[in-house]
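Q: I'd like to ask you about the structure that follows.
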Amino acid sequence: MTEPQITEDLVAAHGLKPDEYARILEIIGRSPTFTELGIFSAMWNEHCSYKSSKKWLRTLPTTGPQVICGPGENAGVVDIGDGQAVIFKMESHNHPSYIEPYQGAATGVGGILRDVFTMGARPIAAMNALSFGDVSHPRTRQLVHGVVDGIGGYGNAFGVPTVGGEIRFDPSYNGNCLVNAFAAGLADADRIFYSAASGVGLPVVYLGARTGRDGVGGATMASAEFDDTIEDKRPTVQVGDPFTEKRLMEACLELMATGAVVAIQDMGAAGLTCSAVEMGDKGGLGVRLDLDAVPQREPGMTAYEMMLSESQERMLMVLDPAKEATARAVFDKWDLDFAIVGETIPEDRFIVLHGGTEMANLPLSTLSGAAPEYDRPWVETPAPAPLENAPKIDPIEGLKALISHPAHASRHWVYEQYDSQVMADTIRAPGLGAGVIRVHGTAKALAFTSDVTPRYVVADPREGGKQAVAEAYRNLVSVGAWPLAATDNMNFGNPEKPEIMGQFVGAIKGIAAACAALDMPIVSGNVSLYNETDGSGILPTPTIGAVGLIEDVSQMIPGLPRDGDLALVVGKTHGHLGRSALLDIAFGRRDGPPPPVDLRAERRHGEFVLRNRGLVNAATDLSDGGLALAAFEMAEAAGIGVTIDKKKRTASLFGEDQARYLLACPFDAAEALMTAAAKAGVPVRTVGRFGGDTVTLGRASAPLAELSAIYRGAFAAALG
Amino acid sequence: MKAAVVVFPGSNCDRDLAVAFRAAGFDTAMVWHKETTLPDGIDVVGVPGGFSYGDYLRSGAIAARAPVCRAVADHAVRGGYVLGICNGFQVLTETGLLPGALMRNTGIKYICRTVPLVVGPADSPFTAQYEAGETIRIPIAHHDGNYTAAPDVLARIRDEGRVAFAYGDNPNGSAHDIAGVLSDNRRVLGMMPHPERAADPALGGTDGRRLFAGLAGEFAAA
């Protein structure tokens, strides 16, 4: 098959800048073939090369005694004691989810699960952080339904419990929703599998589903006008098959247990290209692929198409040749395709053969090693003006405004569509705060949360970045878990605009400071840039996924207040209303600075709660909606009322000061807690008590049943 | 006292069910879908939840034609005990071991939630440790749990006291609130709710444990 001529337009259509193309010519000393151009564009695009973000990502804290493997592999690996490790990562699937919400979200879940089991871990928990446009925007409802269906459709069938997440609405996401999928898995710490190939002349094996044309050009946006072999109606969004993924996982884990696997890499973005280059590059080897051996779903595929296909549920593996028969038997058992498609070679070359012709022959190490890296110009985000004319509102009216908005109403409409209990180790299901999963067969448990407050980040990227980490930390503490490590999913607009790059840089600085101060290193992550429509960017959304450890499930903070429990607030309340949820939802205002984050106070208060967790019946962090919303949510979950004392006014009820927790404790335990707090120098105040069937905030009150009906019905009423 | 848990490709509650059987004292084996016989001396066969063969066709339809299902049917015909949960219930209706069918939930959506169940007659091994009419709380997690059967079949199931569990607050549109159905010899039970997810205090409920205990009691007594 003749390949198209390389022209300036073709180069540009592959997203390569003229200077980037010049570099390619310099590296290979000739014009690339069409297939080679496709390979370069796949390796050098923003998604694979992190060319705009790398410089800043390097500044994140990524190490610690608990870290077994930080960023750079398929997912981060963290020690949880007893020779076990938790493996996790969060990744975006934003653009596909906007184009085709069901499949976009479903394959987002599939991709992140594959990242986890590629490393030898059985997935045990999933979360998803979703950002949609305005509730009343005509596309929002359809996107919410499609994305939630897709997440459930994939995760439920695969059989991983979905235990947490976030969902927010803002007009800046009208043309660009965000779907960030998190997955965590469990493995023995000495049986982690990596992507670095080792050994020359070893078979490179293709596993899983067949290769089709789906997703060709998904990353590079090659268009039909220069290549009529790609049918122009072919969707660029991949189609997910959770049944194949489930079999692929079981087969991979079974095969890994036999010792046959030398290296393994899942095929995600730019499938065969990225996975083969990754394995060769990390192992300092070359790779030769023979595309005639690739299992294909449709006839007549070109080398270009096969190298760029993003068909789902596929893996590439370097195999111990002595165990080939064992490997084949495992894949036969699971009825999956298994083919030897190449071998490792000593030379630093990436050779692709098709139909007896050499379609590509490139220096392999330059494909990732020589990828461009930019120090994009950036400007500091101007400091927001102080908040003026802080509003006042009847506290019950304020609460009603919040809980009748889908962003702060009960999200059971969403999470009840996800299987949160499969695997029968879910100790704390979604609803409030972190989800908790027991480590199967042990008394340990892991807590999972994902957090960010984009309306803070846009006002002050650095404080917003800190706050995202701090809130994740507090959510882990609130279930009694010691924070271990985090993953970051950085969603931003166009980095070529200095103000957007400034948001990115500021957020990274804040995240770095908070992760260092809270001893929660970043072990994996993903960057999604160019989230813009018609030149206007999304709210900067650096989602933080975090994992904590509960050494013994008996140490978990149970979660529901009891009738008669005192309500105590840990941390100082100044009444910070700038950028608060109340200001946003009840007054349509987004002004003032976000609440400042005192990282020393965060750590001190967090450790105080953890050391005294045995005294506490329920804990929650104070964030969106402040004390008023937290007290209501905690009481509502238990089906009892709550009274917050008389003097509380708008700012102290709805202010979003950081480093705070609301605790529910029986009287005697509260006394002990106050004594401990005095000793530790941690501010703790009694603010009211739980009980009865009325919610009283300062001088206003309403029946719990009335508020509960609003809270439980609002999401479905707006979007169901 | 031996149990077998059938494993189809796409089963995902197989381990959970085995854990619950073992906790109740059963020596438990996993049986692959391509097997044509069950291991010797099996007393109870568990057909677990999940998405057998992806359930891209009607839920449970392909699994019902798997080689192992012939062996399960033979076991039932010989008077053996069978417990099908969720997808397992769908498989048992597709094999004809239980009457009726499970259609898409009336609300169209998948539902994962802990729901109240009213226990039917306590004269089956599965319900022996409950009080008839008692309300228990067990999680559901399904898309196709809307039980239906021909009117005469429904009438017979009811008249013969074969509704092992009924929903207290019907979540999916099932006829007569039916959540679980017994065979006429009361030794085969299919149910949409997941008792194996409510058999451990750490998971927030133990109401499911008595189902497994009742089944174990059947053999302890023998």
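Order determines the names: the first chain of the structure tokens is A, the second B, and so forth; residues in each chain are numbered 1 upward, and ligands are numbered 1 upward as they are shown.
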Please provide the set of residues having any atom within 10 Å of segment 111-119 of chain B, restricted to only C-alpha atoms, with same-chain residues fewer than 6 positions apart removed, written as a ChimeraX atom specification.

A: /A:152,156,412-422,429 /B:105,127,130-145,163-172,177-180,193-194,197-198,205

Q: Can you list every residue of chain B that has an atom at most 8 Å from chain A, with its nearest atom pair and the distance in Å to one decimal, using only C-alpha atoms, ordered by chain then number, as JSON lines?

A:
{"residue": "B:Pro9", "atom": "CA", "partner": "A:Arg247", "partner_atom": "CA", "distance": 6.6}
{"residue": "B:Gly10", "atom": "CA", "partner": "A:Phe243", "partner_atom": "CA", "distance": 5.8}
{"residue": "B:Asn12", "atom": "CA", "partner": "A:Gly159", "partner_atom": "CA", "distance": 5.3}
{"residue": "B:Cys13", "atom": "CA", "partner": "A:Met423", "partner_atom": "CA", "distance": 6.3}
{"residue": "B:Arg15", "atom": "CA", "partner": "A:Met423", "partner_atom": "CA", "distance": 7.2}
{"residue": "B:Asp16", "atom": "CA", "partner": "A:Met423", "partner_atom": "CA", "distance": 5.8}
{"residue": "B:Gly50", "atom": "CA", "partner": "A:Ala157", "partner_atom": "CA", "distance": 6.6}
{"residue": "B:Phe51", "atom": "CA", "partner": "A:Ala157", "partner_atom": "CA", "distance": 5.6}
{"residue": "B:Tyr53", "atom": "CA", "partner": "A:Phe243", "partner_atom": "CA", "distance": 6.7}
{"residue": "B:Gly54", "atom": "CA", "partner": "A:Phe243", "partner_atom": "CA", "distance": 4.7}
{"residue": "B:Lys109", "atom": "CA", "partner": "A:Gln417", "partner_atom": "CA", "distance": 6.6}
{"residue": "B:Tyr110", "atom": "CA", "partner": "A:Gln417", "partner_atom": "CA", "distance": 4.9}
{"residue": "B:Ile111", "atom": "CA", "partner": "A:Gln417", "partner_atom": "CA", "distance": 5.1}
{"residue": "B:Cys112", "atom": "CA", "partner": "A:Glu416", "partner_atom": "CA", "distance": 4.8}
{"residue": "B:Arg113", "atom": "CA", "partner": "A:Glu416", "partner_atom": "CA", "distance": 6.2}
{"residue": "B:Ala141", "atom": "CA", "partner": "A:Asp419", "partner_atom": "CA", "distance": 6.0}
{"residue": "B:Glu196", "atom": "CA", "partner": "A:Ala424", "partner_atom": "CA", "distance": 7.5}
{"residue": "B:Arg197", "atom": "CA", "partner": "A:Ala424", "partner_atom": "CA", "distance": 5.3}
{"residue": "B:Ala202", "atom": "CA", "partner": "A:Ile427", "partner_atom": "CA", "distance": 6.1}
{"residue": "B:Leu203", "atom": "CA", "partner": "A:Ile427", "partner_atom": "CA", "distance": 4.9}
{"residue": "B:Gly204", "atom": "CA", "partner": "A:Ile427", "partner_atom": "CA", "distance": 6.9}

Q: What's around Gly46 of chain B at 9 Å? Count only C-alpha atoms, leave out sequence neighbours fewer than 2 positions away in its own chain, and write the answer as a ChimeraX atom specification.

A: /B:3-6,14,17-18,21,44,48,81-85,88

Q: Could you please take those selected residues and save N, CA, C and O atoms as a PDB file, in the first residue's frame?

A:
ATOM      1  N   ALA B   3     -19.769 -27.256  49.192  1.00  0.00           N
ATOM      2  CA  ALA B   3     -20.418 -26.341  48.246  1.00  0.00           C
ATOM      3  C   ALA B   3     -19.519 -26.160  47.026  1.00  0.00           C
ATOM      4  O   ALA B   3     -18.302 -26.325  47.111  1.00  0.00           O
ATOM      5  N   ALA B   4     -20.145 -25.853  45.907  1.00  0.00           N
ATOM      6  CA  ALA B   4     -19.392 -25.487  44.701  1.00  0.00           C
ATOM      7  C   ALA B   4     -19.912 -24.139  44.224  1.00  0.00           C
ATOM      8  O   ALA B   4     -21.120 -23.892  44.260  1.00  0.00           O
ATOM      9  N   VAL B   5     -19.009 -23.284  43.805  1.00  0.00           N
ATOM     10  CA  VAL B   5     -19.421 -22.001  43.208  1.00  0.00           C
ATOM     11  C   VAL B   5     -19.036 -22.045  41.732  1.00  0.00           C
ATOM     12  O   VAL B   5     -17.868 -22.252  41.392  1.00  0.00           O
ATOM     13  N   VAL B   6     -20.029 -21.876  40.891  1.00  0.00           N
ATOM     14  CA  VAL B   6     -19.795 -21.893  39.449  1.00  0.00           C
ATOM     15  C   VAL B   6     -19.150 -20.572  39.033  1.00  0.00           C
ATOM     16  O   VAL B   6     -19.538 -19.511  39.514  1.00  0.00           O
ATOM     17  N   ASP B  14     -18.209 -14.289  42.538  1.00  0.00           N
ATOM     18  CA  ASP B  14     -17.866 -15.685  42.825  1.00  0.00           C
ATOM     19  C   ASP B  14     -17.052 -15.806  44.110  1.00  0.00           C
ATOM     20  O   ASP B  14     -17.329 -16.633  44.962  1.00  0.00           O
ATOM     21  N   LEU B  17     -19.229 -15.064  47.213  1.00  0.00           N
ATOM     22  CA  LEU B  17     -20.121 -16.165  47.572  1.00  0.00           C
ATOM     23  C   LEU B  17     -19.337 -17.298  48.242  1.00  0.00           C
ATOM     24  O   LEU B  17     -19.792 -17.879  49.233  1.00  0.00           O
ATOM     25  N   ALA B  18     -18.147 -17.574  47.725  1.00  0.00           N
ATOM     26  CA  ALA B  18     -17.319 -18.628  48.320  1.00  0.00           C
ATOM     27  C   ALA B  18     -16.946 -18.262  49.757  1.00  0.00           C
ATOM     28  O   ALA B  18     -16.958 -19.111  50.653  1.00  0.00           O
ATOM     29  N   PHE B  21     -19.978 -18.978  51.908  1.00  0.00           N
ATOM     30  CA  PHE B  21     -20.149 -20.431  52.103  1.00  0.00           C
ATOM     31  C   PHE B  21     -19.130 -20.950  53.131  1.00  0.00           C
ATOM     32  O   PHE B  21     -19.466 -21.709  54.026  1.00  0.00           O
ATOM     33  N   VAL B  44     -24.278 -28.321  47.820  1.00  0.00           N
ATOM     34  CA  VAL B  44     -24.913 -27.067  47.398  1.00  0.00           C
ATOM     35  C   VAL B  44     -24.123 -26.462  46.244  1.00  0.00           C
ATOM     36  O   VAL B  44     -22.888 -26.402  46.306  1.00  0.00           O
ATOM     37  N   PRO B  48     -23.166 -17.483  41.134  1.00  0.00           N
ATOM     38  CA  PRO B  48     -22.902 -16.153  41.684  1.00  0.00           C
ATOM     39  C   PRO B  48     -23.389 -15.007  40.801  1.00  0.00           C
ATOM     40  O   PRO B  48     -23.784 -15.199  39.655  1.00  0.00           O
ATOM     41  N   TYR B  81     -29.184 -29.051  46.311  1.00  0.00           N
ATOM     42  CA  TYR B  81     -29.501 -27.651  46.623  1.00  0.00           C
ATOM     43  C   TYR B  81     -28.769 -26.718  45.668  1.00  0.00           C
ATOM     44  O   TYR B  81     -27.600 -26.930  45.352  1.00  0.00           O
ATOM     45  N   VAL B  82     -29.464 -25.662  45.248  1.00  0.00           N
ATOM     46  CA  VAL B  82     -28.855 -24.658  44.367  1.00  0.00           C
ATOM     47  C   VAL B  82     -29.258 -23.274  44.853  1.00  0.00           C
ATOM     48  O   VAL B  82     -30.440 -23.035  45.142  1.00  0.00           O
ATOM     49  N   LEU B  83     -28.281 -22.396  44.956  1.00  0.00           N
ATOM     50  CA  LEU B  83     -28.551 -21.005  45.331  1.00  0.00           C
ATOM     51  C   LEU B  83     -28.036 -20.085  44.225  1.00  0.00           C
ATOM     52  O   LEU B  83     -26.834 -20.040  43.966  1.00  0.00           O
ATOM     53  N   GLY B  84     -28.937 -19.386  43.567  1.00  0.00           N
ATOM     54  CA  GLY B  84     -28.541 -18.438  42.518  1.00  0.00           C
ATOM     55  C   GLY B  84     -28.792 -17.023  42.999  1.00  0.00           C
ATOM     56  O   GLY B  84     -29.908 -16.692  43.395  1.00  0.00           O
ATOM     57  N   ILE B  85     -27.736 -16.198  42.966  1.00  0.00           N
ATOM     58  CA  ILE B  85     -27.868 -14.826  43.452  1.00  0.00           C
ATOM     59  C   ILE B  85     -27.644 -13.856  42.299  1.00  0.00           C
ATOM     60  O   ILE B  85     -26.652 -13.969  41.577  1.00  0.00           O
ATOM     61  N   GLY B  88     -26.937 -15.035  39.038  1.00  0.00           N
ATOM     62  CA  GLY B  88     -27.202 -16.459  39.252  1.00  0.00           C
ATOM     63  C   GLY B  88     -28.698 -16.763  39.185  1.00  0.00           C
ATOM     64  O   GLY B  88     -29.111 -17.807  38.652  1.00  0.00           O
TER      65      GLY B  88
END

Q: Figure out the distance between atom CA of Asp43 of chain B and atom CA of Val72 of chain B, please, to one decimal in Å.

A: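 Atom-to-atom, atom CA of Val72 of chain B and atom CA of Asp43 of chain B are spaced 11.1 Å apart.
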
Q: Interatomic distance between atom CA of Val569 of chain A and atom CA of Pro595 of chain A?

A: 17.1 Å

Q: Would you pick out the contacts of Ala601 of chain A at 10 Å or less, using only C-alpha atoms, so that residues sharing its chain but fewer than 6 positions from it are not included, and give the list as number ranges by chain?

A: A: 571-572, 607, 658-660, 682-683

Q: Go ahead and write the selection's residues with N, CA and C atoms as an mmCIF file, in the first residue's frame.

A:
data_model
loop_
_atom_site.group_PDB
_atom_site.id
_atom_site.type_symbol
_atom_site.label_atom_id
_atom_site.label_comp_id
_atom_site.auth_asym_id
_atom_site.auth_seq_id
_atom_site.Cartn_x
_atom_site.Cartn_y
_atom_site.Cartn_z
ATOM 1 N N GLY A 571 -10.410 23.341 65.055
ATOM 2 C CA GLY A 571 -9.860 24.373 64.172
ATOM 3 C C GLY A 571 -10.568 25.698 64.379
ATOM 4 N N LYS A 572 -9.893 26.755 63.961
ATOM 5 C CA LYS A 572 -10.410 28.117 64.194
ATOM 6 C C LYS A 572 -11.399 28.540 63.123
ATOM 7 N N GLU A 607 -3.658 15.268 62.766
ATOM 8 C CA GLU A 607 -3.046 14.271 63.651
ATOM 9 C C GLU A 607 -3.770 14.216 64.996
ATOM 10 N N GLN A 658 -10.350 26.843 56.533
ATOM 11 C CA GLN A 658 -9.749 25.515 56.349
ATOM 12 C C GLN A 658 -9.282 24.931 57.680
ATOM 13 N N ALA A 659 -8.701 23.740 57.600
ATOM 14 C CA ALA A 659 -8.132 23.033 58.757
ATOM 15 C C ALA A 659 -9.173 22.762 59.840
ATOM 16 N N ARG A 660 -10.427 22.578 59.410
ATOM 17 C CA ARG A 660 -11.482 22.345 60.414
ATOM 18 C C ARG A 660 -12.197 21.010 60.180
ATOM 19 N N VAL A 682 -4.620 22.532 70.338
ATOM 20 C CA VAL A 682 -5.500 22.531 69.164
ATOM 21 C C VAL A 682 -6.834 23.166 69.552
ATOM 22 N N PRO A 683 -7.296 24.148 68.789
ATOM 23 C CA PRO A 683 -8.573 24.780 69.153
ATOM 24 C C PRO A 683 -9.751 23.844 68.890
#

Q: If we count only C-alpha atoms and set the cut-off at 12 Å, which residues sit around Glu324 of chain A, ignoring sequence neighbours fewer than 6 positions away in its own chain? Please answer as a PyMOL selection string.

A: chain A and resi 202-205+255+258-262+317-318+330-331+338-340

Q: Mind dumping the selected residues with all heavy atoms as a CSV table (one decimal), in the first residue's frame?

A:
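Writing the result to selection_39.csv gives the following:
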chain,number,residue,atom,x,y,z
A,202,LEU,N,13.8,-11.7,23.1
A,202,LEU,CA,12.6,-12.2,23.8
A,202,LEU,C,11.3,-11.9,23.0
A,202,LEU,O,11.2,-10.8,22.4
A,202,LEU,CB,12.5,-11.7,25.2
A,202,LEU,CG,13.7,-12.0,26.1
A,202,LEU,CD1,13.4,-11.6,27.5
A,202,LEU,CD2,14.0,-13.5,26.1
A,203,PRO,N,10.4,-12.8,23.0
A,203,PRO,CA,9.1,-12.5,22.3
A,203,PRO,C,8.3,-11.4,22.9
A,203,PRO,O,8.1,-11.3,24.1
A,203,PRO,CB,8.4,-13.8,22.4
A,203,PRO,CG,8.9,-14.6,23.5
A,203,PRO,CD,10.4,-14.1,23.7
A,204,VAL,N,7.8,-10.5,22.0
A,204,VAL,CA,6.9,-9.5,22.4
A,204,VAL,C,5.5,-10.0,22.0
A,204,VAL,O,5.2,-10.3,20.9
A,204,VAL,CB,7.2,-8.1,21.6
A,204,VAL,CG1,6.1,-7.1,21.9
A,204,VAL,CG2,8.6,-7.6,22.0
A,205,VAL,N,4.7,-10.1,23.0
A,205,VAL,CA,3.4,-10.8,22.9
A,205,VAL,C,2.2,-9.8,23.0
A,205,VAL,O,2.2,-8.9,23.8
A,205,VAL,CB,3.3,-11.9,23.9
A,205,VAL,CG1,1.9,-12.5,23.9
A,205,VAL,CG2,4.3,-12.9,23.7
A,255,LEU,N,-1.4,-15.3,34.6
A,255,LEU,CA,-0.1,-15.5,33.9
A,255,LEU,C,1.0,-14.9,34.7
A,255,LEU,O,2.1,-15.5,34.8
A,255,LEU,CB,-0.2,-14.7,32.5
A,255,LEU,CG,1.0,-14.9,31.6
A,255,LEU,CD1,1.2,-16.4,31.3
A,255,LEU,CD2,0.8,-14.2,30.3
A,258,THR,N,2.5,-17.2,37.2
A,258,THR,CA,3.4,-18.3,36.7
A,258,THR,C,4.8,-17.9,36.5
A,258,THR,O,5.7,-18.7,36.3
A,258,THR,CB,2.9,-18.8,35.3
A,258,THR,OG1,3.1,-17.8,34.3
A,258,THR,CG2,1.4,-19.2,35.3
A,259,GLY,N,5.1,-16.6,36.6
A,259,GLY,CA,6.5,-16.1,36.4
A,259,GLY,C,6.9,-16.0,35.0
A,259,GLY,O,8.0,-15.8,34.7
A,260,ALA,N,5.9,-16.0,34.1
A,260,ALA,CA,6.2,-15.9,32.6
A,260,ALA,C,6.4,-14.5,32.1
A,260,ALA,O,7.0,-14.3,31.0
A,260,ALA,CB,5.1,-16.6,31.8
A,261,VAL,N,6.0,-13.5,32.9
A,261,VAL,CA,6.0,-12.1,32.4
A,261,VAL,C,7.3,-11.4,32.8
A,261,VAL,O,7.6,-11.3,33.9
A,261,VAL,CB,4.8,-11.4,33.0
A,261,VAL,CG1,4.7,-9.9,32.5
A,261,VAL,CG2,3.5,-12.1,32.6
A,262,VAL,N,8.0,-10.9,31.7
A,262,VAL,CA,9.2,-10.2,31.9
A,262,VAL,C,8.9,-8.7,32.1
A,262,VAL,O,9.4,-8.0,32.9
A,262,VAL,CB,10.2,-10.4,30.8
A,262,VAL,CG1,11.4,-9.5,30.9
A,262,VAL,CG2,10.6,-11.8,30.7
A,317,MET,N,3.3,-7.5,26.0
A,317,MET,CA,4.1,-8.1,27.1
A,317,MET,C,5.3,-8.7,26.5
A,317,MET,O,5.4,-9.1,25.4
A,317,MET,CB,3.1,-9.2,27.6
A,317,MET,CG,3.5,-10.0,28.7
A,317,MET,SD,2.2,-11.2,29.2
A,317,MET,CE,0.9,-10.4,30.0
A,318,VAL,N,6.4,-8.7,27.3
A,318,VAL,CA,7.6,-9.4,27.0
A,318,VAL,C,7.6,-10.7,27.8
A,318,VAL,O,7.4,-10.6,29.0
A,318,VAL,CB,8.9,-8.6,27.2
A,318,VAL,CG1,10.1,-9.4,26.9
A,318,VAL,CG2,8.9,-7.3,26.3
A,330,VAL,N,-3.1,-20.2,29.3
A,330,VAL,CA,-3.9,-19.3,30.1
A,330,VAL,C,-4.8,-18.4,29.2
A,330,VAL,O,-6.0,-18.3,29.5
A,330,VAL,CB,-3.0,-18.3,31.0
A,330,VAL,CG1,-3.8,-17.2,31.6
A,330,VAL,CG2,-2.2,-19.1,32.0
A,331,PHE,N,-4.3,-18.0,28.1
A,331,PHE,CA,-5.1,-17.1,27.3
A,331,PHE,C,-6.2,-17.9,26.5
A,331,PHE,O,-7.3,-17.4,26.2
A,331,PHE,CB,-4.2,-16.2,26.4
A,331,PHE,CG,-3.8,-15.0,27.2
A,331,PHE,CD1,-2.8,-15.1,28.1
A,331,PHE,CD2,-4.5,-13.8,27.0
A,331,PHE,CE1,-2.5,-14.0,28.9
A,331,PHE,CE2,-4.2,-12.7,27.8
A,331,PHE,CZ,-3.2,-12.8,28.7
A,338,PHE,N,-3.9,-14.2,21.6
A,338,PHE,CA,-2.6,-14.2,22.0
A,338,PHE,C,-1.7,-14.4,20.8
A,338,PHE,O,-1.9,-15.3,20.0
A,338,PHE,CB,-2.4,-15.4,23.0
A,338,PHE,CG,-1.0,-15.7,23.4
A,338,PHE,CD1,-0.6,-15.4,24.7
A,338,PHE,CD2,-0.1,-16.4,22.6
A,338,PHE,CE1,0.7,-15.7,25.1
A,338,PHE,CE2,1.2,-16.6,23.0
A,338,PHE,CZ,1.6,-16.3,24.3
A,339,ALA,N,-0.8,-13.4,20.6
A,339,ALA,CA,0.0,-13.5,19.4
A,339,ALA,C,1.4,-13.0,19.6
A,339,ALA,O,1.6,-12.0,20.3
A,339,ALA,CB,-0.6,-12.8,18.2
A,340,ILE,N,2.4,-13.7,19.1
A,340,ILE,CA,3.8,-13.1,19.2
A,340,ILE,C,3.9,-12.2,18.0
A,340,ILE,O,3.8,-12.6,16.9
A,340,ILE,CB,4.8,-14.2,19.1
A,340,ILE,CG1,4.7,-15.1,20.4
A,340,ILE,CG2,6.2,-13.6,19.0
A,340,ILE,CD1,5.6,-16.3,20.5
